[in-house]
>>> print(open('work07.txt').read())   # compact mmCIF, C-alpha atoms
# COMPACT_ATOMS: atom_id res chain seq x y z
CA MET A 1221 -7.02 -52.57 -49.38
CA THR A 1222 -8.63 -49.17 -48.88
CA ILE A 1223 -7.68 -46.29 -51.15
CA THR A 1224 -8.75 -42.73 -50.44
CA ALA A 1225 -9.75 -40.99 -53.67
CA LYS A 1226 -11.37 -37.78 -54.87
CA TYR A 1227 -14.12 -37.79 -57.50
CA GLU A 1228 -13.29 -35.13 -60.08
CA ASP A 1229 -14.43 -34.61 -63.67
CA GLY A 1230 -16.14 -38.02 -63.72
CA VAL A 1231 -13.03 -39.88 -62.51
CA PHE A 1232 -11.98 -41.25 -59.12
CA LYS A 1233 -8.44 -40.00 -58.50
CA PRO A 1234 -6.39 -41.66 -55.74
CA LEU A 1235 -4.94 -39.27 -53.16
CA GLU A 1236 -1.92 -41.52 -52.64
CA ASP A 1237 0.25 -43.86 -54.71
CA VAL A 1238 -1.38 -47.24 -55.30
CA ALA A 1239 0.19 -50.57 -56.25
CA ILE A 1240 -2.41 -51.71 -58.79
CA ASN A 1241 -1.73 -52.66 -62.38
CA GLU A 1242 -3.09 -50.33 -65.07
CA GLY A 1243 -6.45 -51.56 -66.33
CA THR A 1244 -7.34 -53.44 -63.15
CA ILE A 1245 -11.08 -53.42 -62.53
CA VAL A 1246 -11.92 -52.33 -58.99
CA GLU A 1247 -15.10 -51.96 -56.96
CA VAL A 1248 -15.74 -48.56 -55.42
CA ARG A 1249 -17.90 -48.28 -52.31
CA VAL A 1250 -19.06 -44.82 -51.30
CA PRO A 1251 -20.36 -44.93 -47.73
CA SER A 1252 -23.62 -43.16 -46.99
CA CYS A 1253 -23.74 -40.33 -44.49
CA ALA A 1254 -25.37 -42.75 -42.01
CA ASP A 1255 -22.46 -45.21 -42.47
CA ARG A 1256 -19.94 -42.46 -41.78
CA LEU A 1257 -21.81 -41.38 -38.65
CA LYS A 1258 -21.78 -44.96 -37.35
CA ALA A 1259 -18.08 -45.37 -38.09
CA LYS A 1260 -16.89 -42.49 -35.92
CA SER A 1261 -18.04 -39.39 -34.19
CA LEU A 1262 -17.65 -36.45 -36.54
CA SER A 1263 -15.67 -33.32 -35.92
CA VAL A 1264 -16.42 -29.99 -37.56
CA GLN A 1265 -13.25 -30.63 -39.60
CA ASP A 1266 -15.00 -33.57 -41.32
CA PHE A 1267 -17.49 -31.30 -43.07
CA ALA A 1268 -16.91 -29.79 -46.52
CA PHE A 1269 -17.43 -26.23 -45.31
CA TYR A 1270 -14.56 -26.43 -42.79
CA GLY A 1271 -11.85 -23.92 -43.71
CA MET A 1272 -13.81 -22.27 -46.50
CA TRP A 1273 -12.88 -18.80 -45.22
CA ARG A 1274 -9.20 -19.48 -44.49
CA ASP A 1275 -7.99 -17.52 -47.55
CA ARG A 1276 -10.24 -14.53 -46.94
CA THR A 1277 -8.20 -11.47 -45.98
CA ASP A 1278 -11.30 -9.39 -45.16
CA ILE A 1279 -12.38 -11.68 -42.31
CA GLY A 1280 -10.31 -11.38 -39.16
CA ASP A 1281 -12.69 -12.60 -36.48
CA SER A 1282 -15.51 -14.60 -38.06
CA VAL A 1283 -17.93 -13.89 -35.21
CA ASP A 1284 -17.46 -10.12 -35.61
CA TYR A 1285 -17.75 -10.44 -39.39
CA ILE A 1286 -21.10 -12.26 -39.17
CA SER A 1287 -22.37 -9.89 -36.47
CA ASN A 1288 -21.61 -6.94 -38.76
CA LEU A 1289 -23.36 -8.62 -41.70
CA ARG A 1290 -26.46 -9.23 -39.59
CA ARG A 1291 -26.43 -5.67 -38.25
CA ASP A 1292 -26.16 -4.18 -41.76
CA ILE A 1293 -29.05 -6.16 -43.31
CA PRO A 1294 -31.26 -3.65 -45.14
CA GLY A 1295 -34.94 -3.45 -44.24
>>> encode(input="work07.txt", output="structure tokens")
Amino acid sequence: MTITAKYEDGVFKPLEDVAINEGTIVEVRVPSCADRLKAKSLSVQDFAFYGMWRDRTDIGDSVDYISNLRRDIPG
């Protein structure tokens, strides 16, 4: 059985319902980055930074936004 979980506040929290009795001891395997690369080819969506600007209302076109930041660098 494979259970997808998120590590938060020192606890692994399942992202789906699991059929395991309370108090069951389990073994958690966290694959290395190399293991994940071997398992599948990665998409940009697999990285933590993907979508980090989605809630920003001041960024319409990200390319224009970055171009403006670079243009306005003091010095």
>>> atom_distance(input="work07.txt", atom1="atom CA of A:Thr1222", atom2="atom CA of A:Asp1266")
18.5 Å
>>> closest_residue(input="work07.txt", among="A:Ile1245, A:Leu1262, A:Trp1273, A:Met1221", to="A:Tyr1285", atoms="all atoms listed in the file")
A:Trp1273
>>> atom_distance(input="work07.txt", atom1="atom CA of A:Val1231", atom2="atom CA of A:Gly1243")
13.9 Å
>>> atom_distance(input="work07.txt", atom1="atom CA of A:Tyr1227", atom2="atom CA of A:Val1248")
11.1 Å
>>> closest_residue(input="work07.txt", among="A:Val1246, A:Cys1253, A:Ala1239, A:Ile1286", to="A:Phe1267", atoms="all atoms listed in the file")
A:Cys1253
>>> residues_around(input="work07.txt", residues="A:Ile1223", least_positions_apart="2", cutoff="12 Å", atoms="all atoms listed in the file", output="list of chain:residue names")
A:Met1221, A:Ala1225, A:Lys1226, A:Phe1232, A:Lys1233, A:Pro1234, A:Leu1235, A:Glu1236, A:Asp1237, A:Val1238, A:Ala1239, A:Ile1240, A:Val1246, A:Glu1247, A:Val1248, A:Arg1249, A:Val1250
>>> decode(input="work07.txt", residues="stretch 1247-1284 of chain A", atoms="N, CA and C atoms", output="compact mmCIF listing (two decimals), in the first residue's frame")
# COMPACT_ATOMS: atom_id res chain seq x y z
N GLU A 1247 6.15 2.06 8.27
CA GLU A 1247 7.48 2.47 7.83
C GLU A 1247 7.30 3.50 6.73
N VAL A 1248 7.95 4.64 6.87
CA VAL A 1248 7.84 5.71 5.89
C VAL A 1248 9.12 5.78 5.08
N ARG A 1249 8.99 5.74 3.78
CA ARG A 1249 10.14 5.86 2.88
C ARG A 1249 9.99 7.15 2.11
N VAL A 1250 10.98 8.02 2.23
CA VAL A 1250 10.98 9.28 1.50
C VAL A 1250 12.01 9.14 0.39
N PRO A 1251 11.56 9.08 -0.85
CA PRO A 1251 12.50 8.90 -1.96
C PRO A 1251 13.41 10.11 -2.14
N SER A 1252 14.65 9.84 -2.49
CA SER A 1252 15.58 10.93 -2.76
C SER A 1252 15.21 11.59 -4.08
N CYS A 1253 15.80 12.73 -4.33
CA CYS A 1253 15.56 13.42 -5.59
C CYS A 1253 15.99 12.53 -6.75
N ALA A 1254 17.10 11.83 -6.60
CA ALA A 1254 17.59 10.93 -7.66
C ALA A 1254 16.58 9.81 -7.93
N ASP A 1255 15.97 9.27 -6.87
CA ASP A 1255 14.95 8.23 -7.04
C ASP A 1255 13.76 8.75 -7.81
N ARG A 1256 13.34 9.98 -7.50
CA ARG A 1256 12.19 10.56 -8.19
C ARG A 1256 12.50 10.81 -9.66
N LEU A 1257 13.74 11.22 -9.96
CA LEU A 1257 14.13 11.45 -11.34
C LEU A 1257 14.13 10.15 -12.14
N LYS A 1258 14.55 9.06 -11.50
CA LYS A 1258 14.57 7.76 -12.17
C LYS A 1258 13.15 7.25 -12.42
N ALA A 1259 12.26 7.55 -11.50
CA ALA A 1259 10.90 7.01 -11.56
C ALA A 1259 10.10 7.58 -12.73
N LYS A 1260 10.29 8.83 -13.05
CA LYS A 1260 9.53 9.45 -14.14
C LYS A 1260 10.25 10.71 -14.59
N SER A 1261 9.91 11.15 -15.76
CA SER A 1261 10.44 12.44 -16.19
C SER A 1261 9.61 13.53 -15.54
N LEU A 1262 10.27 14.52 -15.01
CA LEU A 1262 9.59 15.57 -14.27
C LEU A 1262 9.02 16.65 -15.17
N SER A 1263 7.94 17.20 -14.74
CA SER A 1263 7.32 18.35 -15.38
C SER A 1263 7.57 19.55 -14.47
N VAL A 1264 7.45 20.73 -14.98
CA VAL A 1264 7.60 21.92 -14.15
C VAL A 1264 6.56 21.90 -13.01
N GLN A 1265 5.43 21.25 -13.22
CA GLN A 1265 4.39 21.17 -12.19
C GLN A 1265 4.81 20.32 -10.99
N ASP A 1266 5.87 19.53 -11.12
CA ASP A 1266 6.34 18.68 -10.03
C ASP A 1266 7.21 19.44 -9.02
N PHE A 1267 7.58 20.66 -9.34
CA PHE A 1267 8.45 21.42 -8.46
C PHE A 1267 7.64 22.30 -7.51
N ALA A 1268 8.20 22.52 -6.31
CA ALA A 1268 7.49 23.26 -5.27
C ALA A 1268 7.14 24.69 -5.68
N PHE A 1269 7.94 25.29 -6.53
CA PHE A 1269 7.69 26.68 -6.90
C PHE A 1269 6.54 26.84 -7.89
N TYR A 1270 6.08 25.75 -8.50
CA TYR A 1270 5.02 25.84 -9.51
C TYR A 1270 3.76 26.45 -8.90
N GLY A 1271 3.24 27.49 -9.51
CA GLY A 1271 2.00 28.11 -9.06
C GLY A 1271 2.16 29.11 -7.94
N MET A 1272 3.40 29.44 -7.57
CA MET A 1272 3.59 30.31 -6.41
C MET A 1272 3.07 31.73 -6.63
N TRP A 1273 2.88 32.12 -7.88
CA TRP A 1273 2.37 33.47 -8.16
C TRP A 1273 0.90 33.47 -8.53
N ARG A 1274 0.22 32.35 -8.47
CA ARG A 1274 -1.16 32.28 -8.98
C ARG A 1274 -2.13 33.22 -8.27
N ASP A 1275 -1.87 33.56 -7.00
CA ASP A 1275 -2.77 34.43 -6.26
C ASP A 1275 -2.37 35.91 -6.31
N ARG A 1276 -1.30 36.20 -7.04
CA ARG A 1276 -0.83 37.58 -7.14
C ARG A 1276 -1.68 38.34 -8.14
N THR A 1277 -2.29 39.43 -7.69
CA THR A 1277 -3.13 40.23 -8.58
C THR A 1277 -2.31 41.28 -9.33
N ASP A 1278 -1.07 41.54 -8.87
CA ASP A 1278 -0.23 42.55 -9.51
C ASP A 1278 0.60 41.98 -10.66
N ILE A 1279 0.49 40.69 -10.91
CA ILE A 1279 1.27 40.07 -11.98
C ILE A 1279 0.31 39.53 -13.03
N GLY A 1280 0.23 40.22 -14.15
CA GLY A 1280 -0.62 39.74 -15.25
C GLY A 1280 0.17 38.77 -16.10
N ASP A 1281 1.16 39.30 -16.79
CA ASP A 1281 2.05 38.49 -17.63
C ASP A 1281 3.38 38.39 -16.89
N SER A 1282 3.77 37.21 -16.48
CA SER A 1282 4.97 37.04 -15.66
C SER A 1282 6.24 37.46 -16.39
N VAL A 1283 6.29 37.28 -17.70
CA VAL A 1283 7.47 37.68 -18.46
C VAL A 1283 7.62 39.20 -18.43
N ASP A 1284 6.52 39.92 -18.65
CA ASP A 1284 6.56 41.38 -18.58
C ASP A 1284 6.92 41.85 -17.17
